[in-house]
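Colleague: The structure file structure30.txt (compact mmCIF, C-alpha atoms and all ligand atoms) is provided below.
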```txt
# COMPACT_ATOMS: atom_id res chain seq x y z
CA MET A 24 0.00 0.00 0.00
CA ARG A 25 1.43 3.36 -0.95
CA LEU A 26 -0.54 6.54 -0.48
CA ARG A 27 0.40 9.88 -1.97
CA ASN A 28 2.63 11.82 0.35
CA ILE A 29 0.64 13.53 3.12
CA PRO A 30 2.70 16.45 4.50
CA ALA A 31 0.81 16.38 7.83
CA ALA A 32 1.65 12.70 8.42
CA MET A 33 5.12 12.93 9.97
CA PRO A 34 4.34 15.80 12.37
CA ALA A 35 1.17 13.97 13.51
CA ILE A 36 3.13 10.76 14.09
CA GLU A 37 5.83 12.61 16.01
CA GLU A 38 3.24 14.24 18.27
CA SER A 39 1.05 11.20 18.83
CA PRO A 40 1.28 9.52 22.25
CA TYR A 41 0.51 6.22 20.46
CA CYS A 42 3.54 6.34 18.13
CA ILE A 43 7.09 5.63 19.20
CA THR A 44 9.46 7.75 17.14
CA GLU A 45 12.81 6.74 18.67
CA ALA A 46 12.28 3.00 18.60
CA GLU A 47 15.96 2.13 19.11
CA GLN A 48 15.77 3.65 22.61
CA TYR A 49 13.31 0.92 23.60
CA ARG A 50 15.57 -1.93 22.42
CA GLY A 51 15.50 -4.50 25.24
CA LYS A 52 13.02 -2.35 27.20
CA TRP A 53 9.73 -2.59 25.29
CA GLN A 54 7.92 -4.00 28.30
CA SER A 55 8.53 -0.73 30.17
CA LEU A 56 6.27 1.05 27.67
CA PHE A 57 3.21 -0.96 28.64
CA PRO A 58 1.34 -1.04 31.95
CA LYS A 59 1.71 -4.84 32.19
CA GLU A 60 4.62 -7.15 31.37
CA GLN A 61 3.16 -9.78 29.03
CA PRO A 62 3.97 -11.40 25.66
CA LEU A 63 4.90 -9.00 22.85
CA HIS A 64 3.35 -9.53 19.40
CA ILE A 65 4.13 -7.34 16.39
CA GLU A 66 2.53 -6.88 12.99
CA ILE A 67 4.83 -5.89 10.13
CA GLY A 68 3.16 -3.87 7.37
CA MET A 69 0.01 -3.08 9.37
CA GLY A 70 -1.36 -0.72 6.69
CA LYS A 71 -4.29 1.16 8.20
CA GLY A 72 -4.13 -1.15 11.20
CA ARG A 73 -7.58 -2.62 11.58
CA PHE A 74 -6.22 -6.13 12.28
CA ILE A 75 -3.89 -5.14 15.12
CA MET A 76 -6.45 -2.78 16.66
CA ASP A 77 -9.02 -5.61 16.76
CA LEU A 78 -6.41 -8.01 18.18
CA ALA A 79 -5.36 -5.57 20.91
CA ARG A 80 -8.97 -4.98 21.90
CA GLN A 81 -9.70 -8.72 22.08
CA ASN A 82 -6.49 -9.68 23.91
CA PRO A 83 -5.70 -7.32 26.79
CA ASP A 84 -3.21 -9.90 28.08
CA ILE A 85 -0.88 -9.39 25.08
CA ASN A 86 1.20 -6.30 24.26
CA TYR A 87 1.15 -5.23 20.60
CA LEU A 88 3.25 -3.08 18.28
CA GLY A 89 1.97 -2.20 14.82
CA ILE A 90 4.79 -1.51 12.33
CA GLU A 91 4.33 0.36 9.07
CA ARG A 92 7.12 1.92 7.05
CA TYR A 93 5.16 4.63 5.23
CA ALA A 94 4.17 7.64 7.34
CA SER A 95 1.20 8.44 5.09
CA VAL A 96 -0.24 4.94 5.57
CA LEU A 97 0.37 4.87 9.33
CA TYR A 98 -1.18 8.35 9.58
CA ARG A 99 -4.44 7.01 8.08
CA GLY A 100 -4.40 4.21 10.68
CA LEU A 101 -3.68 6.67 13.45
CA GLN A 102 -6.58 8.90 12.41
CA LYS A 103 -8.88 5.88 12.50
CA PHE A 104 -7.51 4.85 15.90
CA GLU A 105 -7.95 8.30 17.40
CA ARG A 106 -11.45 8.62 15.90
CA GLU A 107 -12.81 5.20 16.85
CA GLU A 108 -10.75 3.87 19.70
CA ASN A 109 -8.63 6.60 21.19
CA THR A 110 -6.71 4.44 23.60
CA LEU A 111 -5.74 0.84 24.17
CA PRO A 112 -3.09 0.41 26.86
CA ASN A 113 -1.57 -2.60 25.06
CA LEU A 114 -1.01 -1.08 21.59
CA PHE A 115 1.57 1.31 20.11
CA PHE A 116 2.70 2.07 16.56
CA LEU A 117 6.11 2.40 14.92
CA CYS A 118 6.93 4.02 11.60
CA VAL A 119 10.02 1.98 10.68
CA ASP A 120 11.30 -0.44 8.06
CA ALA A 121 11.16 -4.07 9.16
CA GLY A 122 14.59 -4.64 7.61
CA LYS A 123 15.98 -2.88 10.69
CA LEU A 124 14.15 -4.97 13.32
CA PRO A 125 17.36 -6.07 15.11
CA GLU A 126 18.16 -2.37 15.73
CA PHE A 127 14.88 -2.05 17.59
CA PHE A 128 14.53 -5.39 19.39
CA GLU A 129 16.90 -7.55 21.41
CA PRO A 130 17.12 -11.31 20.80
CA ASN A 131 14.07 -13.11 22.24
CA GLU A 132 12.16 -9.86 22.79
CA VAL A 133 9.31 -10.60 20.34
CA ASP A 134 6.94 -13.54 20.82
CA ARG A 135 4.98 -13.43 17.59
CA ILE A 136 5.23 -11.78 14.17
CA TYR A 137 2.16 -11.24 11.98
CA LEU A 138 2.61 -10.63 8.25
CA ASN A 139 -0.65 -9.86 6.48
CA PHE A 140 -1.04 -9.38 2.73
CA SER A 141 2.57 -8.33 2.39
CA ASP A 142 3.62 -6.64 -0.85
CA PRO A 143 4.30 -9.43 -3.41
CA TRP A 144 7.23 -7.79 -5.23
CA PRO A 145 6.63 -9.96 -8.33
CA LYS A 146 9.96 -9.28 -10.10
CA ASP A 147 12.66 -11.86 -9.33
CA ARG A 148 15.23 -9.17 -8.72
CA HIS A 149 13.08 -7.81 -5.87
CA ALA A 150 12.67 -11.18 -4.11
CA LYS A 151 14.74 -10.08 -1.12
CA ARG A 152 12.21 -7.32 -0.39
CA ARG A 153 9.43 -9.87 0.19
CA LEU A 154 8.76 -10.10 3.91
CA THR A 155 9.08 -13.91 3.83
CA SER A 156 12.43 -13.97 1.96
CA HIS A 157 15.32 -15.79 3.64
CA GLN A 158 16.88 -12.38 4.31
CA PHE A 159 13.82 -11.36 6.36
CA LEU A 160 13.63 -14.81 8.03
CA GLU A 161 17.20 -14.24 9.26
CA CYS A 162 16.12 -10.87 10.60
CA TYR A 163 13.15 -12.44 12.47
CA ASP A 164 15.52 -15.07 13.93
CA LYS A 165 17.44 -12.24 15.62
CA VAL A 166 14.42 -10.94 17.57
CA LEU A 167 11.96 -13.82 17.99
CA SER A 168 11.77 -15.87 21.21
CA GLN A 169 12.59 -19.58 21.20
CA ASP A 170 8.95 -20.65 21.08
CA GLY A 171 7.89 -17.66 19.01
CA ARG A 172 6.01 -17.95 15.75
CA ILE A 173 5.35 -16.21 12.46
CA GLU A 174 1.80 -16.05 11.08
CA PHE A 175 1.47 -15.10 7.42
CA LYS A 176 -1.70 -14.54 5.34
CA THR A 177 -2.03 -13.55 1.69
CA ASP A 178 -4.31 -13.90 -1.32
CA ASN A 179 -1.28 -13.98 -3.64
CA VAL A 180 -0.49 -17.58 -4.67
CA GLY A 181 2.90 -16.64 -6.12
CA LEU A 182 3.98 -15.00 -2.86
CA PHE A 183 2.57 -17.90 -0.85
CA ASP A 184 4.43 -20.54 -2.89
CA PHE A 185 7.63 -18.49 -2.61
CA SER A 186 7.14 -18.25 1.18
CA VAL A 187 6.62 -22.01 1.51
CA GLU A 188 9.83 -22.62 -0.48
CA GLU A 189 11.85 -20.13 1.58
CA ILE A 190 10.67 -21.60 4.90
CA ASP A 191 11.12 -25.21 3.74
CA ALA A 192 14.71 -24.34 2.77
CA SER A 193 15.34 -22.42 6.00
CA PRO A 194 17.62 -23.98 8.63
CA ILE A 195 15.85 -21.80 11.22
CA PHE A 196 12.09 -22.05 10.67
CA GLN A 197 9.62 -24.74 9.67
CA ILE A 198 5.96 -24.67 8.65
CA THR A 199 3.76 -26.13 11.35
CA GLU A 200 0.31 -25.33 9.90
CA MET A 201 -0.86 -24.28 6.49
CA THR A 202 -4.04 -23.84 4.46
CA ARG A 203 -4.78 -22.76 0.91
CA ASP A 204 -8.34 -21.75 1.76
CA LEU A 205 -8.40 -20.18 5.20
CA HIS A 206 -12.03 -19.17 5.25
CA HIS A 207 -13.12 -22.79 4.60
CA ASP A 208 -10.60 -24.34 7.01
CA GLU A 209 -12.56 -24.76 10.21
CA LYS A 210 -9.52 -25.21 12.46
CA MET A 211 -7.24 -22.47 11.13
CA ASN A 212 -10.08 -20.01 10.62
CA GLN A 213 -11.18 -20.21 14.24
CA GLY A 214 -10.95 -16.72 15.74
CA ASN A 215 -9.59 -15.31 12.46
CA ILE A 216 -9.46 -11.52 12.39
CA MET A 217 -9.81 -10.03 8.92
CA THR A 218 -7.47 -7.33 7.66
CA GLU A 219 -8.56 -4.57 5.28
CA TYR A 220 -6.95 -6.39 2.33
CA GLU A 221 -8.40 -9.73 3.40
CA GLU A 222 -11.92 -8.34 3.36
CA LYS A 223 -11.37 -6.73 -0.04
CA PHE A 224 -9.87 -9.80 -1.75
CA SER A 225 -12.09 -12.43 -0.14
CA SER A 226 -15.19 -10.46 -1.14
CA LYS A 227 -14.02 -10.88 -4.75
CA GLY A 228 -13.96 -14.66 -4.21
CA ASN A 229 -10.16 -15.01 -3.87
CA PRO A 230 -9.06 -17.80 -1.51
CA ILE A 231 -6.91 -16.71 1.41
CA TYR A 232 -3.67 -18.60 2.09
CA LYS A 233 -2.19 -18.88 5.57
CA LEU A 234 0.85 -20.49 7.14
CA ILE A 235 2.28 -20.60 10.63
CA ALA A 236 6.03 -21.07 11.07
CA THR A 237 7.96 -21.90 14.23
CA ARG A 238 11.61 -22.64 14.98
CA ARG A 239 12.93 -26.05 13.91
C1 LIG B 1 -0.46 -4.59 0.91
S1 LIG B 1 -0.40 -3.72 2.39
C2 LIG B 1 -1.34 -4.71 3.53
C3 LIG B 1 -1.85 -3.93 4.69
C4 LIG B 1 -2.52 -4.73 5.81
N1 LIG B 1 -1.58 -5.64 6.44
C5 LIG B 1 -3.74 -5.50 5.34
O1 LIG B 1 -3.65 -6.73 5.25
O2 LIG B 1 -4.77 -4.88 5.08
C6 LIG B 1 1.29 -4.07 2.92
C7 LIG B 1 1.83 -3.02 3.85
O3 LIG B 1 3.13 -3.42 4.30
C8 LIG B 1 3.98 -2.29 4.38
N2 LIG B 1 5.36 -2.75 4.30
C9 LIG B 1 5.94 -3.37 3.25
N3 LIG B 1 7.23 -3.63 3.49
C10 LIG B 1 7.49 -3.17 4.75
C11 LIG B 1 8.65 -3.14 5.56
N4 LIG B 1 9.83 -3.62 5.11
N5 LIG B 1 8.56 -2.61 6.80
C12 LIG B 1 7.37 -2.10 7.26
N6 LIG B 1 6.23 -2.10 6.51
C13 LIG B 1 6.28 -2.63 5.28
C14 LIG B 1 3.54 -1.46 3.18
O4 LIG B 1 3.92 -0.10 3.32
C15 LIG B 1 2.04 -1.66 3.18
O5 LIG B 1 1.36 -0.67 3.91
```
What is this file in structure tokens?

Modeller:
Amino acid sequence: MRLRNIPAAMPAIEESPYCITEAEQYRGKWQSLFPKEQPLHIEIGMGKGRFIMDLARQNPDINYLGIERYASVLYRGLQKFEREENTLPNLFFLCVDAGKLPEFFEPNEVDRIYLNFSDPWPKDRHAKRRLTSHQFLECYDKVLSQDGRIEFKTDNVGLFDFSVEEIDASPIFQITEMTRDLHHDEKMNQGNIMTEYEEKFSSKGNPIYKLIATRR
């Protein structure tokens, strides 16, 4: 998702009490940001953030960070949050690139990573930008706890097949659950929270693919 540049976005993010602008200062100390010390789950590429806002509302016993690299996109999410929700003690937002995760998190600091409808980057030469490439898997290895997991959903079969190949070839992660039609998979769809993209693509009849990966 890329919105046209919104000049007001960065100042609004910098002023918002819900956005952390100097994320590296919290490295190893994220729990101090939240009222309660409890597992930390992050979503990379949250877009306008509906998924992570719903999750945080439903699970007060988990701490959440929504990560989005484009200020204009995060700004739209923030406006929605401030309009509809206004505060959730267990949710904050970061405007950073996930390629730098180890600069922001210590080893073992993150318990779960959600990747939803990540950009497919269809050209071969851009494969390393895909959020399930082996380069990103190595990055997740540096921050994810020993029993942590990655949950990935997409409607893009090419990106899904690529992700399965990357994880199957990974010495670090393995696929523990997978479906090629999430909304008709009773077990994996239980408690599923739809993202903005998921609603849009599934309403067109596209199947939704999902996998869960854990450490080998
Ligand atoms: C296609 S949108 C999906 C948005 C949302 N997750 C959903 O399912 O509705 C993917 C989002 O991931 C963000 N993104 C892509 N690569 C990223 C990265 N390296 N770090 C942080 N965000 C990223 C994009 O800016 C975009 O907003």

Colleague: Please identify all protein, DNA and RNA residues within 8 Å of ligand LIG 1 (chain B), counting only C-alpha atoms and all ligand atoms, and report them as a VMD selection string.

Modeller: chain A and resid 24 to 25 66 to 74 90 to 93 96 to 97 118 to 122 138 to 142 152 to 154 177 217 to 221

Colleague: Record the distance separating CA of Phe159 in chain A and CA of Pro194 in chain A, expressed in Å with one decimal.

Modeller: 13.4 Å

Colleague: Of the candidates A:Leu167, A:Val133, A:Ala94, A:Ile190, which one gets nearest to Pro30 in chain A if we count all atoms listed in the file?

Modeller: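 Checking each candidate against Pro30 in chain A, we get A:Ala94 as the closest.
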
Colleague: What are the closest atom pairs, with distances in Å to one decimal, for all residues of range 113-227 of chain A lying within 12 Å of range 35-42 of chain A? Consider all atoms listed in the file, order rows by chain and residue number, and present the result as a Markdown table.

Modeller:
```
| residue | atom | partner | partner_atom | distance |
| --- | --- | --- | --- | --- |
| A:Asn113 | CA | A:Tyr41 | CA | 10.2 |
| A:Leu114 | CA | A:Tyr41 | CA | 7.5 |
| A:Phe115 | CA | A:Tyr41 | CA | 5.0 |
| A:Phe116 | CA | A:Cys42 | CA | 4.6 |
| A:Leu117 | CA | A:Cys42 | CA | 5.7 |
| A:Cys118 | CA | A:Cys42 | CA | 7.7 |
| A:Val119 | CA | A:Cys42 | CA | 10.8 |
```

Colleague: Measuring atom to atom with only C-alpha atoms, identify which of A:Lys146, A:Arg172, A:His207, A:Arg99 is nearest to Leu234 in chain A.

Modeller: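 Counting only C-alpha atoms, the residue closest to Leu234 in chain A is A:Arg172.
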
Colleague: Go through A:Asp204, A:Glu45, A:Glu209, A:Asp170 one by one, measure the shortest atom-to-atom distance of each to Ser225 in chain A using all atoms listed in the file, and give the residue with the smallest value.

Modeller: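 Using all atoms listed in the file, the shortest distance to Ser225 in chain A belongs to A:Asp204.
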
Colleague: Choose the residue, out of A:His149, A:His64, A:Arg27, A:Arg50, that has the smallest atom-to-atom separation from Leu124 in chain A; count all atoms listed in the file.

Modeller: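 Closest to Leu124 in chain A, using all atoms listed in the file: A:Arg50.
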
Colleague: Can you tell me which residues surround Phe128 in chain A at a distance of at most 9 Å, considering all atoms listed in the file, apart from same-chain residues fewer than 3 positions away, and format the answer as a PyMOL selection string?

Modeller: chain A and resi 46-47+49-53+124-125+131-133+165-167

Colleague: Asp134 in chain A: which residues within 12 Å, counting all atoms listed in the file, same-chain residues fewer than 4 positions away excluded, as a PyMOL selection string?

Modeller: chain A and resi 61-66+85-88+128-130+163-174+237-238

Colleague: I'd like to know which of A:Phe175, A:Phe224, A:Ser193, A:Ile75 is closest to Gln158 in chain A, using all atoms listed in the file.

Modeller: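 Going through A:Phe175, A:Phe224, A:Ser193, A:Ile75 one by one, the smallest distance to Gln158 in chain A is for A:Ser193.
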
Colleague: How many Å separate CA of Leu182 in chain A from CA of Lys123 in chain A?

Modeller: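 Between these atoms lies a distance of 21.8 Å.
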
Colleague: Quick one: of A:Tyr137, A:Lys151, A:Gly214, A:Phe57, who's nearest to Leu111 in chain A, counting all atoms listed in the file?

Modeller: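 Looking at the shortest contact to Leu111 in chain A, the residue is A:Phe57.
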
Colleague: Quick one, how far is CA of Ala236 in chain A from CA of Leu160 in chain A?

Modeller: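 Those two atoms sit 10.3 Å apart.
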
Colleague: Grab all the atoms of range 217-235 of chain A that the file lists, wrap them in a box along x, y and z, add 5 Å per side, and give me centre plus edge lengths in Å (one decimal) as AutoDock Vina command-line options.

Modeller:
```
--center_x -6.5 --center_y -12.6 --center_z 2.9 --size_x 27.5 --size_y 26.0 --size_z 25.4
```
